[in-house]
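Working notes for the structure below.
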Amino acid sequence: MAKTKPTTIRPAGGAPALGLRRGEVRLVRHQCGWPEAFARERRRLERLLGPGALAIEHVGSTAVAGLAAKPVVDIAIAVGSLDGAGAWAGALGSAGYTAFGDREGRGEHFYAKGPEGSRTVYLHVVPLRSRNWSNYLGFRDALRSSAPLRRRYEELKRRLSALHPRDRGAYTEAKAEFIRGVLGEATRRCAATR
């Protein structure tokens with residue numbers, strides 16, 4: 001039986017190709033249009049979700065210039081409480097998102113946009129005053145501010161994607177120690193400046 005190639009969505013206006021089959025791990029070189037793809041989706045989400053979305057941030061590797069990434073835009077949305085955010089499932093569903101709830105017990109609501117064969121956006125809804133929110137922003141900002149750190153992280157991601165091309169869980173778990181180390185160092189640096 002012949003394998004079918006995953007669909008890649010190429011947004012209008014020369015925007016970067018986005019799309020990844022659920023569970024697949026495939027890295028592409030950084031696309032300069034990813035920030036604009038985020039900005040367009042952010043505007044849609046602001047209109048759709050209103051003031052309950054306290055902050056909407058581009059996170060993950062597509063938010064870091066020069067870093068190879070899976071071609072899926074990660075977005076973190078801060079809320080006052082997850083209780084009210086559960087009501088968003090219908091509105092987000094009408095905009096092409098699938099709700100997964102707190103599928104990993106991490107204290108966040110997770111949504112994926114696009115069909116299983118071509119996920120284009122991952123949405124992480126988290127409380128504003130949570131460790132998850134600080135970690136999403138802290139890790140992104142650490143990568144943005146350090147070229148050597150970006151290089152080390154990209155090398156790790158390339159090694160792991162070669163080892164786990166069809167096992168996103170194993171790929172993500174294998175990156176966890178590196179991420180914890182970066183966040184721990186950032187916390188120590190911040191505490192030392194107080």
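A note on labels: chains of the structure tokens are A, B, ... as shown, every chain counts residues from 1, and ligands are counted from 1 in their shown order.
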(request) For region 111-126 of chain A, list every protein, DNA or RNA residue within 8 Å, evaluated using only C-alpha atoms, and leave out those in the same chain fewer than 6 positions away; present the list as a PyMOL selection string. (result) chain A and resi 6-9+18-22+71-79+81-82+85+96-101+132-133
Write the residues you've just listed into a file as a CSV table (one decimal), in the first residue's frame, and include C-alpha atoms for each of them.
```
chain,number,residue,atom,x,y,z
A,6,PRO,CA,0.7,14.7,4.5
A,7,THR,CA,-1.1,17.8,3.4
A,8,THR,CA,0.7,21.1,3.9
A,9,ILE,CA,-1.3,24.2,4.1
A,18,LEU,CA,2.4,25.2,7.9
A,19,GLY,CA,1.1,21.7,8.6
A,20,LEU,CA,2.2,18.5,10.3
A,21,ARG,CA,0.5,15.1,10.6
A,22,ARG,CA,-0.6,14.4,14.2
A,71,PRO,CA,5.8,23.6,11.0
A,72,VAL,CA,3.1,24.3,13.6
A,73,VAL,CA,2.6,27.7,15.3
A,74,ASP,CA,2.4,27.3,19.1
A,75,ILE,CA,0.2,30.0,20.8
A,76,ALA,CA,-0.2,30.4,24.6
A,77,ILE,CA,-3.3,32.2,25.8
A,78,ALA,CA,-3.4,33.5,29.4
A,79,VAL,CA,-6.7,33.4,31.3
A,81,SER,CA,-9.0,30.8,35.4
A,82,LEU,CA,-9.4,27.6,33.3
A,85,ALA,CA,-12.0,29.0,29.3
A,96,GLY,CA,-11.3,24.8,13.1
A,97,TYR,CA,-9.8,23.9,16.5
A,98,THR,CA,-10.2,20.5,18.1
A,99,ALA,CA,-10.4,20.5,21.9
A,100,PHE,CA,-8.3,18.0,23.9
A,101,GLY,CA,-8.8,19.4,27.4
A,132,ASN,CA,3.1,27.0,32.7
A,133,TRP,CA,2.6,30.6,31.5
```
(request) Please return as a ChimeraX atom specification: the residues of region 18-191 of chain A that backbone DSSP assigns to helix (DSSP H, G or I). (result) /A:34-52,61-63,82-94,131-145,147-163,168-191
(request) Have a look at A:His30, A:His109, A:Arg166, A:His58 and name the one nearest to Glu154 (chain A); count only C-alpha atoms. (result) A:His30
